[in-house]
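S.K.: File follows, coords-v4.cif with mmCIF, C-alpha atoms:
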data_start
loop_
_atom_site.group_PDB
_atom_site.id
_atom_site.type_symbol
_atom_site.label_atom_id
_atom_site.label_comp_id
_atom_site.auth_asym_id
_atom_site.auth_seq_id
_atom_site.Cartn_x
_atom_site.Cartn_y
_atom_site.Cartn_z
ATOM 1 C CA MET A 1 7.748 -24.739 55.770
ATOM 2 C CA LYS A 2 6.547 -26.149 52.475
ATOM 3 C CA LEU A 3 7.826 -27.645 49.279
ATOM 4 C CA MET A 4 7.843 -25.196 46.394
ATOM 5 C CA CYS A 5 5.549 -26.694 43.777
ATOM 6 C CA PRO A 6 5.001 -25.846 40.084
ATOM 7 C CA SER A 7 1.945 -23.733 40.815
ATOM 8 C CA ASP A 8 4.109 -21.557 43.090
ATOM 9 C CA SER A 9 6.983 -21.100 40.671
ATOM 10 C CA VAL A 10 5.459 -21.045 37.187
ATOM 11 C CA ALA A 11 1.885 -19.812 37.430
ATOM 12 C CA ARG A 12 2.819 -16.829 39.567
ATOM 13 C CA GLY A 13 5.512 -15.636 37.175
ATOM 14 C CA PHE A 14 8.574 -15.765 39.413
ATOM 15 C CA GLN A 15 12.117 -15.447 38.114
ATOM 16 C CA LEU A 16 14.901 -17.512 39.699
ATOM 17 C CA ILE A 17 18.445 -16.895 40.882
ATOM 18 C CA ALA A 18 20.544 -19.972 41.655
ATOM 19 C CA PRO A 19 24.107 -20.331 42.942
ATOM 20 C CA ALA A 20 26.020 -21.808 40.024
ATOM 21 C CA TYR A 21 28.734 -23.891 41.568
ATOM 22 C CA GLY A 22 30.932 -24.440 44.587
ATOM 23 C CA ALA A 23 31.993 -27.169 46.979
ATOM 24 C CA HIS A 24 28.318 -28.018 47.378
ATOM 25 C CA SER A 25 25.810 -26.369 45.148
ATOM 26 C CA VAL A 26 22.505 -26.223 43.351
ATOM 27 C CA ILE A 27 23.415 -27.320 39.816
ATOM 28 C CA TRP A 28 26.928 -28.783 40.092
ATOM 29 C CA THR A 29 29.928 -29.339 42.367
ATOM 30 C CA PRO A 30 33.618 -29.557 41.412
ATOM 31 C CA SER A 31 33.322 -33.301 40.897
ATOM 32 C CA LYS A 32 29.758 -33.943 39.719
ATOM 33 C CA ILE A 33 26.611 -32.425 38.308
ATOM 34 C CA ILE A 34 23.316 -32.410 40.180
ATOM 35 C CA PRO A 35 21.038 -34.859 38.311
ATOM 36 C CA PHE A 36 18.399 -33.187 36.117
ATOM 37 C CA ALA A 37 19.469 -29.681 37.209
ATOM 38 C CA LYS A 38 20.049 -28.537 33.625
ATOM 39 C CA GLU A 39 16.738 -30.029 32.562
ATOM 40 C CA ALA A 40 15.022 -28.142 35.397
ATOM 41 C CA VAL A 41 16.627 -24.868 34.271
ATOM 42 C CA ASP A 42 15.438 -25.560 30.727
ATOM 43 C CA CYS A 43 11.894 -26.192 32.009
ATOM 44 C CA PHE A 44 11.810 -22.819 33.732
ATOM 45 C CA LYS A 45 13.170 -21.082 30.655
ATOM 46 C CA ASP A 46 10.602 -22.851 28.457
ATOM 47 C CA ALA A 47 7.974 -21.385 30.787
ATOM 48 C CA LYS A 48 9.442 -17.922 30.030
ATOM 49 C CA LYS A 49 11.089 -17.567 33.428
ATOM 50 C CA LYS A 50 14.324 -15.622 33.725
ATOM 51 C CA VAL A 51 17.063 -17.720 35.355
ATOM 52 C CA LEU A 52 20.223 -16.022 36.648
ATOM 53 C CA PHE A 53 23.177 -17.416 38.567
ATOM 54 C CA VAL A 54 25.252 -16.260 41.547
ATOM 55 C CA THR A 55 28.323 -17.910 43.053
ATOM 56 C CA ASN A 56 30.988 -17.057 45.628
ATOM 57 C CA ASN A 57 33.557 -19.204 43.807
ATOM 58 C CA SER A 58 36.171 -16.817 42.423
ATOM 59 C CA LEU A 59 38.779 -19.338 41.289
ATOM 60 C CA GLN A 60 37.671 -19.350 37.656
ATOM 61 C CA SER A 61 34.917 -18.127 35.397
ATOM 62 C CA PRO A 62 31.913 -20.481 35.421
ATOM 63 C CA LEU A 63 31.090 -19.705 31.779
ATOM 64 C CA PRO A 64 33.284 -22.441 30.189
ATOM 65 C CA ARG A 65 31.621 -25.117 32.308
ATOM 66 C CA PHE A 66 28.158 -23.786 31.520
ATOM 67 C CA GLU A 67 29.053 -24.070 27.854
ATOM 68 C CA LYS A 68 30.533 -27.553 28.262
ATOM 69 C CA LEU A 69 27.362 -28.806 29.985
ATOM 70 C CA GLY A 70 25.083 -27.297 27.367
ATOM 71 C CA TYR A 71 23.577 -24.410 29.349
ATOM 72 C CA SER A 72 22.457 -21.375 27.372
ATOM 73 C CA VAL A 73 23.969 -18.646 29.562
ATOM 74 C CA GLN A 74 25.223 -15.172 28.675
ATOM 75 C CA GLU A 75 28.101 -13.463 30.490
ATOM 76 C CA HIS A 76 25.891 -11.020 32.375
ATOM 77 C CA ASP A 77 23.569 -13.811 33.552
ATOM 78 C CA VAL A 78 26.224 -14.901 36.058
ATOM 79 C CA ALA A 79 27.528 -12.880 39.008
ATOM 80 C CA TYR A 80 30.630 -13.849 40.929
ATOM 81 C CA PRO A 81 32.937 -11.793 43.186
ATOM 82 C CA PRO A 82 35.661 -10.649 40.724
ATOM 83 C CA LEU A 83 33.101 -9.080 38.390
ATOM 84 C CA ALA A 84 31.057 -7.559 41.207
ATOM 85 C CA VAL A 85 34.140 -6.152 42.954
ATOM 86 C CA ALA A 86 35.450 -4.633 39.715
ATOM 87 C CA GLN A 87 32.047 -3.115 38.974
ATOM 88 C CA HIS A 88 31.821 -1.649 42.477
ATOM 89 C CA LEU A 89 35.342 -0.184 42.440
ATOM 90 C CA ARG A 90 34.567 1.485 39.135
ATOM 91 C CA SER A 91 31.193 2.755 40.368
ATOM 92 C CA ILE A 92 32.785 4.509 43.358
ATOM 93 C CA GLY A 93 35.444 6.031 41.121
ATOM 94 C CA LEU A 94 38.500 4.349 42.640
ATOM 95 C CA THR A 95 41.565 5.788 40.936
ATOM 96 C CA LYS A 96 44.139 4.571 43.434
ATOM 97 C CA LYS A 97 45.659 1.101 43.534
ATOM 98 C CA ALA A 98 43.916 -1.896 45.098
ATOM 99 C CA PHE A 99 45.915 -4.198 47.365
ATOM 100 C CA VAL A 100 44.363 -7.561 46.540
ATOM 101 C CA VAL A 101 44.842 -10.817 48.434
ATOM 102 C CA ALA A 102 43.140 -13.297 46.113
ATOM 103 C CA HIS A 103 43.579 -15.900 43.404
ATOM 104 C CA GLU A 104 45.289 -14.707 40.195
ATOM 105 C CA HIS A 105 42.072 -15.107 38.190
ATOM 106 C CA PHE A 106 40.392 -12.649 40.568
ATOM 107 C CA LYS A 107 43.221 -10.142 40.142
ATOM 108 C CA ASP A 108 43.213 -10.510 36.358
ATOM 109 C CA ARG A 109 39.491 -9.747 36.156
ATOM 110 C CA LEU A 110 40.097 -6.523 38.106
ATOM 111 C CA ARG A 111 43.025 -5.604 35.864
ATOM 112 C CA ASN A 112 40.855 -6.214 32.795
ATOM 113 C CA GLN A 113 38.442 -3.594 34.134
ATOM 114 C CA GLY A 114 41.184 -0.991 34.502
ATOM 115 C CA ILE A 115 41.861 -1.462 38.222
ATOM 116 C CA THR A 116 45.526 -1.159 39.201
ATOM 117 C CA VAL A 117 46.249 -4.230 41.318
ATOM 118 C CA VAL A 118 49.129 -4.833 43.695
ATOM 119 C CA PRO A 119 51.089 -6.886 44.608
ATOM 120 C CA ALA A 120 52.360 -8.177 41.283
ATOM 121 C CA LYS A 121 51.650 -11.739 40.178
ATOM 122 C CA LYS A 122 53.346 -14.341 42.352
ATOM 123 C CA GLU A 123 55.751 -16.529 40.442
ATOM 124 C CA GLU A 124 56.068 -20.255 41.020
ATOM 125 C CA GLY A 125 58.963 -20.993 43.333
ATOM 126 C CA ALA A 126 58.979 -17.418 44.648
ATOM 127 C CA ARG A 127 61.586 -16.658 47.285
ATOM 128 C CA LEU A 128 60.458 -17.135 50.861
ATOM 129 C CA VAL A 129 60.276 -14.165 53.199
ATOM 130 C CA LYS A 130 63.390 -13.961 55.339
ATOM 131 C CA GLU A 131 62.550 -15.055 58.874
ATOM 132 C CA ASP A 132 63.718 -11.821 60.451
ATOM 133 C CA ILE A 133 61.450 -9.147 61.956
ATOM 134 C CA LEU A 134 63.516 -6.254 60.595
ATOM 135 C CA ALA A 135 63.487 -7.739 57.105
ATOM 136 C CA LEU A 136 59.712 -8.117 57.317
ATOM 137 C CA LEU A 137 59.214 -4.541 58.524
ATOM 138 C CA SER A 138 61.445 -3.160 55.784
ATOM 139 C CA GLY A 139 59.056 -4.588 53.222
ATOM 140 C CA ILE A 140 56.034 -2.766 54.666
ATOM 141 C CA GLN A 141 55.817 0.523 52.806
ATOM 142 C CA ASP A 142 53.450 3.336 53.759
ATOM 143 C CA ASP A 143 51.905 3.701 50.304
ATOM 144 C CA SER A 144 49.268 6.448 50.288
ATOM 145 C CA ASP A 145 48.346 5.433 46.736
ATOM 146 C CA ILE A 146 46.695 2.237 48.018
ATOM 147 C CA GLY A 147 43.000 3.142 48.003
ATOM 148 C CA ALA A 148 41.447 -0.230 48.842
ATOM 149 C CA VAL A 149 42.216 -3.630 50.325
ATOM 150 C CA VAL A 150 40.323 -6.566 48.792
ATOM 151 C CA ILE A 151 40.328 -10.086 50.296
ATOM 152 C CA ASP A 152 39.137 -13.322 48.702
ATOM 153 C CA VAL A 153 40.392 -16.912 48.343
ATOM 154 C CA ASP A 154 44.180 -17.123 47.914
ATOM 155 C CA PHE A 155 45.811 -20.562 47.922
ATOM 156 C CA ASN A 156 49.228 -18.847 48.135
ATOM 157 C CA LEU A 157 48.356 -16.570 51.034
ATOM 158 C CA CYS A 158 51.436 -15.448 52.988
ATOM 159 C CA TYR A 159 51.813 -13.955 56.444
ATOM 160 C CA ASP A 160 53.345 -10.796 55.020
ATOM 161 C CA ASP A 161 50.275 -10.302 52.771
ATOM 162 C CA LEU A 162 48.072 -10.032 55.859
ATOM 163 C CA VAL A 163 50.593 -7.793 57.653
ATOM 164 C CA LYS A 164 50.741 -5.425 54.675
ATOM 165 C CA ALA A 165 46.943 -5.418 54.359
ATOM 166 C CA ALA A 166 46.597 -4.581 58.067
ATOM 167 C CA ASN A 167 49.003 -1.675 57.748
ATOM 168 C CA HIS A 168 47.248 -0.269 54.686
ATOM 169 C CA LEU A 169 43.976 -0.418 56.608
ATOM 170 C CA ARG A 170 45.411 1.737 59.379
ATOM 171 C CA ARG A 171 44.663 4.662 57.045
ATOM 172 C CA PRO A 172 40.978 5.627 57.376
ATOM 173 C CA ASP A 173 40.806 6.574 53.680
ATOM 174 C CA CYS A 174 41.781 3.048 52.577
ATOM 175 C CA LEU A 175 38.603 1.105 51.786
ATOM 176 C CA PHE A 176 38.112 -2.529 52.889
ATOM 177 C CA PHE A 177 36.230 -5.095 50.795
ATOM 178 C CA VAL A 178 35.795 -8.863 50.813
ATOM 179 C CA GLY A 179 34.570 -10.987 47.923
ATOM 180 C CA ALA A 180 33.556 -14.372 49.306
ATOM 181 C CA SER A 181 33.146 -14.204 53.077
ATOM 182 C CA ASP A 182 32.745 -17.958 53.698
ATOM 183 C CA SER A 183 34.694 -19.108 56.758
ATOM 184 C CA LYS A 184 34.853 -22.770 55.824
ATOM 185 C CA VAL A 185 33.890 -24.961 52.907
ATOM 186 C CA CYS A 186 32.936 -28.579 53.563
ATOM 187 C CA LEU A 187 33.787 -30.858 50.646
ATOM 188 C CA GLU A 188 32.039 -34.003 49.473
ATOM 189 C CA SER A 189 35.092 -36.014 50.523
ATOM 190 C CA GLY A 190 34.608 -34.907 54.123
ATOM 191 C CA LYS A 191 37.605 -32.578 54.025
ATOM 192 C CA VAL A 192 37.333 -28.924 55.031
ATOM 193 C CA LEU A 193 38.843 -25.857 53.395
ATOM 194 C CA LEU A 194 39.457 -22.614 55.261
ATOM 195 C CA GLY A 195 37.600 -19.772 53.609
ATOM 196 C CA PRO A 196 38.650 -16.118 53.499
ATOM 197 C CA GLY A 197 36.191 -15.271 56.270
ATOM 198 C CA TYR A 198 38.700 -16.248 58.966
ATOM 199 C CA PHE A 199 41.393 -13.982 57.518
ATOM 200 C CA VAL A 200 38.941 -11.117 57.142
ATOM 201 C CA SER A 201 38.000 -11.542 60.816
ATOM 202 C CA MET A 202 41.697 -11.363 61.749
ATOM 203 C CA LEU A 203 42.108 -8.099 59.848
ATOM 204 C CA GLU A 204 38.924 -6.645 61.321
ATOM 205 C CA ASP A 205 40.065 -7.540 64.826
ATOM 206 C CA CYS A 206 43.550 -6.134 64.247
ATOM 207 C CA THR A 207 42.512 -2.868 62.608
ATOM 208 C CA GLY A 208 39.099 -2.145 64.117
ATOM 209 C CA ARG A 209 37.777 -1.843 60.565
ATOM 210 C CA LYS A 210 34.706 -3.609 59.162
ATOM 211 C CA ALA A 211 34.907 -5.071 55.665
ATOM 212 C CA GLU A 212 32.123 -4.395 53.172
ATOM 213 C CA VAL A 213 30.991 -7.760 51.790
ATOM 214 C CA ILE A 214 30.626 -7.836 47.993
ATOM 215 C CA GLY A 215 29.914 -11.574 47.608
ATOM 216 C CA LYS A 216 27.128 -13.501 49.289
ATOM 217 C CA PRO A 217 25.509 -12.624 51.688
ATOM 218 C CA GLY A 218 26.284 -9.029 50.695
ATOM 219 C CA ARG A 219 23.825 -7.395 48.319
ATOM 220 C CA LEU A 220 26.210 -6.005 45.723
ATOM 221 C CA MET A 221 26.323 -9.029 43.396
ATOM 222 C CA ILE A 222 22.584 -8.453 42.991
ATOM 223 C CA ASP A 223 22.195 -4.681 43.400
ATOM 224 C CA GLY A 224 25.532 -3.635 41.944
ATOM 225 C CA TYR A 225 25.928 -6.202 39.171
ATOM 226 C CA LEU A 226 22.895 -8.245 38.035
ATOM 227 C CA LYS A 227 20.492 -5.307 38.306
ATOM 228 C CA LYS A 228 22.770 -3.364 35.988
ATOM 229 C CA PHE A 229 21.944 -5.795 33.189
ATOM 230 C CA HIS A 230 18.515 -7.183 34.125
ATOM 231 C CA ALA A 231 15.180 -5.724 35.167
ATOM 232 C CA MET A 232 14.508 -7.408 38.492
ATOM 233 C CA ASP A 233 11.611 -7.238 40.921
ATOM 234 C CA MET A 234 12.892 -8.687 44.190
ATOM 235 C CA LYS A 235 9.377 -9.486 45.393
ATOM 236 C CA ARG A 236 8.881 -11.639 42.286
ATOM 237 C CA THR A 237 12.235 -13.427 42.544
ATOM 238 C CA VAL A 238 13.051 -16.768 44.160
ATOM 239 C CA PHE A 239 16.634 -17.278 45.327
ATOM 240 C CA VAL A 240 17.637 -20.942 45.265
ATOM 241 C CA GLY A 241 20.555 -21.905 47.511
ATOM 242 C CA ASP A 242 22.129 -24.671 49.558
ATOM 243 C CA THR A 243 23.536 -22.668 52.500
ATOM 244 C CA LEU A 244 21.835 -20.687 55.235
ATOM 245 C CA VAL A 245 24.155 -17.782 56.038
ATOM 246 C CA GLN A 246 25.393 -17.116 52.503
ATOM 247 C CA ASP A 247 22.370 -17.989 50.335
ATOM 248 C CA MET A 248 19.332 -17.531 52.552
ATOM 249 C CA GLY A 249 21.073 -14.512 54.088
ATOM 250 C CA LEU A 250 21.445 -12.850 50.685
ATOM 251 C CA ALA A 251 17.855 -13.651 49.755
ATOM 252 C CA HIS A 252 16.616 -12.099 53.006
ATOM 253 C CA ALA A 253 18.788 -8.993 52.580
ATOM 254 C CA CYS A 254 17.423 -8.391 49.070
ATOM 255 C CA GLY A 255 13.793 -9.206 49.891
ATOM 256 C CA MET A 256 13.615 -12.311 47.684
ATOM 257 C CA LYS A 257 11.737 -15.519 48.370
ATOM 258 C CA LYS A 258 14.068 -18.137 49.854
ATOM 259 C CA LEU A 259 14.247 -21.702 48.514
ATOM 260 C CA LEU A 260 16.681 -24.109 50.191
ATOM 261 C CA VAL A 261 17.913 -27.201 48.360
ATOM 262 C CA LEU A 262 19.265 -30.089 50.428
ATOM 263 C CA THR A 263 22.101 -31.123 48.111
ATOM 264 C CA GLY A 264 24.634 -28.984 49.934
ATOM 265 C CA MET A 265 25.860 -27.934 53.352
ATOM 266 C CA ALA A 266 22.547 -27.055 55.015
ATOM 267 C CA LYS A 267 20.326 -29.774 56.470
ATOM 268 C CA LEU A 268 16.741 -29.587 57.691
ATOM 269 C CA GLU A 269 17.835 -30.023 61.303
ATOM 270 C CA ASP A 270 19.925 -26.832 60.981
ATOM 271 C CA LEU A 271 16.682 -24.853 60.750
ATOM 272 C CA ASP A 272 15.936 -25.635 64.396
ATOM 273 C CA SER A 273 18.821 -23.447 65.585
ATOM 274 C CA CYS A 274 19.408 -20.870 62.841
ATOM 275 C CA ASP A 275 18.440 -17.206 62.916
ATOM 276 C CA SER A 276 14.798 -16.673 61.987
ATOM 277 C CA ASP A 277 15.805 -14.436 59.061
ATOM 278 C CA LEU A 278 17.590 -17.416 57.469
ATOM 279 C CA ILE A 279 14.668 -19.839 57.556
ATOM 280 C CA PRO A 280 13.643 -20.532 53.941
ATOM 281 C CA ASP A 281 10.145 -19.977 52.616
ATOM 282 C CA TYR A 282 10.398 -23.299 50.787
ATOM 283 C CA TYR A 283 12.689 -26.314 50.559
ATOM 284 C CA ILE A 284 13.214 -29.176 48.146
ATOM 285 C CA ASN A 285 15.540 -32.175 48.164
ATOM 286 C CA SER A 286 17.256 -31.252 44.897
ATOM 287 C CA PHE A 287 16.849 -28.569 42.258
ATOM 288 C CA GLY A 288 16.690 -31.404 39.726
ATOM 289 C CA ASP A 289 13.383 -32.495 41.264
ATOM 290 C CA PHE A 290 11.752 -29.532 39.532
ATOM 291 C CA TYR A 291 12.286 -31.283 36.209
ATOM 292 C CA HIS A 292 10.026 -34.139 37.334
ATOM 293 C CA LEU A 293 7.509 -31.861 39.045
ATOM 294 C CA LEU A 294 7.159 -29.554 36.047
ATOM 295 C CA ASN A 295 6.825 -32.454 33.632
ATOM 296 C CA LYS A 296 4.045 -33.894 35.753
ATOM 297 C CA LYS A 297 2.363 -30.493 35.696
#
Take the structure in this file and express it as structure tokens.
M.R.:
Amino acid sequence: MKLMCPSDSVARGFQLIAPAYGAHSVIWTPSKIIPFAKEAVDCFKDAKKKVLFVTNNSLQSPLPRFEKLGYSVQEHDVAYPPLAVAQHLRSIGLTKKAFVVAHEHFKDRLRNQGITVVPAKKEEGARLVKEDILALLSGIQDDSDIGAVVIDVDFNLCYDDLVKAANHLRRPDCLFFVGASDSKVCLESGKVLLGPGYFVSMLEDCTGRKAEVIGKPGRLMIDGYLKKFHAMDMKRTVFVGDTLVQDMGLAHACGMKKLLVLTGMAKLEDLDSCDSDLIPDYYINSFGDFYHLLNKK
């Protein structure tokens, strides 16, 4: 284990990929920015290093916040699940409808790419499902035109959404995808959010199907999205992340160097018990520390 120093990152000509944002992250969180993170990104760019961003947060596009904070970022420099899922569904030639359990922003991004998404947008104050088994069953239609089930974060998740998804997945020709696969998200306040990973596990257990992961730690946000727009040599790329399973797992799967920052969920003591594939090549207290290190260089 060693600290990644300027001679490692700049002189050798690495490019960087960093998770953009989330409950804990490399450059910002929902409530604060990581000190000197932007300045560190600028230092790498001044040294002619390509810097790209990956996040599992599907609730909104990160581009407006990049712009607000003064980052120079183009649309295709950032990968997040709605874009990667849409790109993948188009690449496999899906012409049927997608049953999507996710936030409305996620669904809208798929619709914008020509994907037919069901169910329709949930309205505020929508009528509750009648608490009657026959009424529930009557709403489960055997729709052979559903070609894929997609799961991500949905703050308005309902029991009948999961029941319908499970029944669609009974058909072997119905594909099964998950955007973000996080099971829980620990917030700065100490509170915990349930991630979509638990609901995906329920559906896998119920149907005997295995979801293909599009978001981290799946490879498709890199292989199926970023590589479409950028020339990338995985052996010359450092993936910067703050989680072991999601971030270090993705870096390992793609053959990138792994750099763990300690501003998020993972702590050094976690390395004593984690899978060997998830142990980072390097670690640093904060991505912002690179600003000071590179200036000293």
S.K.: I'd like the contact shell of Gly208 of chain A - 12 Å cut-off, all atoms listed in the file, skipping same-chain residues fewer than 4 positions apart - returned as a PyMOL selection string.
M.R.: chain A and resi 166-167+169-172+176+200-204
S.K.: Taking (31.8, -5.1, 50.8) in the file's own coordinates, collect the residues within 6 Å, counting only C-alpha atoms, and hand them back as an MDAnalysis selection string.
M.R.: chainID A and resid 177:178 211:214
S.K.: Which residues would end up in the selection if the PyMOL selection byres ((chain A and resi 235) around 12) were applied here, given that I need the answer as an mmCIF file with C-alpha atoms, in the frame of the given file?
M.R.:
data_model
loop_
_atom_site.group_PDB
_atom_site.id
_atom_site.type_symbol
_atom_site.label_atom_id
_atom_site.label_comp_id
_atom_site.auth_asym_id
_atom_site.auth_seq_id
_atom_site.Cartn_x
_atom_site.Cartn_y
_atom_site.Cartn_z
ATOM 1 C CA ARG A 12 2.819 -16.829 39.567
ATOM 2 C CA GLY A 13 5.512 -15.636 37.175
ATOM 3 C CA PHE A 14 8.574 -15.765 39.413
ATOM 4 C CA GLN A 15 12.117 -15.447 38.114
ATOM 5 C CA LEU A 16 14.901 -17.512 39.699
ATOM 6 C CA MET A 232 14.508 -7.408 38.492
ATOM 7 C CA ASP A 233 11.611 -7.238 40.921
ATOM 8 C CA MET A 234 12.892 -8.687 44.190
ATOM 9 C CA ARG A 236 8.881 -11.639 42.286
ATOM 10 C CA THR A 237 12.235 -13.427 42.544
ATOM 11 C CA VAL A 238 13.051 -16.768 44.160
ATOM 12 C CA PHE A 239 16.634 -17.278 45.327
ATOM 13 C CA ALA A 251 17.855 -13.651 49.755
ATOM 14 C CA HIS A 252 16.616 -12.099 53.006
ATOM 15 C CA ALA A 253 18.788 -8.993 52.580
ATOM 16 C CA CYS A 254 17.423 -8.391 49.070
ATOM 17 C CA GLY A 255 13.793 -9.206 49.891
ATOM 18 C CA MET A 256 13.615 -12.311 47.684
ATOM 19 C CA LYS A 257 11.737 -15.519 48.370
ATOM 20 C CA LYS A 258 14.068 -18.137 49.854
#
S.K.: Counting all atoms listed in the file, which residues of segment 63-169 of chain A fall within 12 Å of segment 34-45 of chain A, and what is the closest atom pair for each with its distance in Å at one decimal, ordered by chain and rising number, as CSV?
M.R.:
residue,atom,partner,partner_atom,distance
A:Phe66,CA,A:Lys38,CA,9.6
A:Glu67,CA,A:Lys38,CA,11.6
A:Lys68,CA,A:Lys38,CA,11.8
A:Leu69,CA,A:Lys38,CA,8.2
A:Gly70,CA,A:Lys38,CA,8.1
A:Tyr71,CA,A:Lys38,CA,6.9
A:Ser72,CA,A:Asp42,CA,8.8
A:Val73,CA,A:Val41,CA,10.7
S.K.: Which is closest to Glu131 of chain A among A:Asp272, A:Asp154, A:Glu104, A:Asp160, if we use only C-alpha atoms?
M.R.: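 The shortest atom-to-atom distance to Glu131 of chain A comes from A:Asp160.
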S.K.: Could you tell me which of A:Pro30, A:Gly197, A:Pro217, A:Gly288 comes closest to Arg65 of chain A if we count only C-alpha atoms?
M.R.: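 Among the listed residues, A:Pro30 lies closest to Arg65 of chain A.
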S.K.: Please write as a count of residues only the list of polymer residues whose atoms come within 10 Å of (9.8, -32.3, 38.1), counting only C-alpha atoms and keeping to the coordinates of the file.
M.R.: 17
S.K.: Please measure the separation of atom CA of Val150 of chain A and atom CA of Gly249 of chain A, giving the value in Å to one decimal.
M.R.: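 We find that atom CA of Val150 of chain A and atom CA of Gly249 of chain A lie 21.5 Å from each other.
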S.K.: Enter the distance from atom CA of Leu94 of chain A to atom CA of Gly114 of chain A, in Å, rounded to one decimal.
M.R.: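 Computed distance, atom CA of Leu94 of chain A to atom CA of Gly114 of chain A, equals 10.1 Å.
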S.K.: When the PyMOL selection byres ((chain A and resi 241-248) around 9) is applied to the file above, which residues end up in the set, as number ranges by chain?
M.R.: A: 17-19, 24-26, 56, 181-182, 215-218, 239-240, 249-253, 257-267, 270-271, 274-275, 277-280
S.K.: Can you measure atom CA of Asp173 of chain A to atom CA of Ser144 of chain A for me? One decimal in Å is fine.
M.R.: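 Rounded to one decimal, the two atoms are 9.1 Å apart.
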S.K.: What does the PyMOL selection byres ((chain A and resi 75) around 12) select in this file, as a count of residues only?
M.R.: 22
S.K.: Nearest residue to Tyr159 of chain A out of A:Leu194, A:Cys186, A:Leu89, A:Val101, using only C-alpha atoms?
M.R.: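 For Tyr159 of chain A, the nearest of the given residues is A:Val101.
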S.K.: Identify which of the residues A:Ser286, A:His103, A:Gln141, A:Cys174 lies closest to Asn156 of chain A, counting all atoms listed in the file when measuring atom-to-atom distances.
M.R.: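 Among the listed residues, A:His103 lies closest to Asn156 of chain A.
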S.K.: Arg90 of chain A: which residues within 10 Å, counting only C-alpha atoms, same-chain residues fewer than 5 positions away excluded, as an MDAnalysis selection string?
M.R.: chainID A and resid 84:85 95 110 113:115
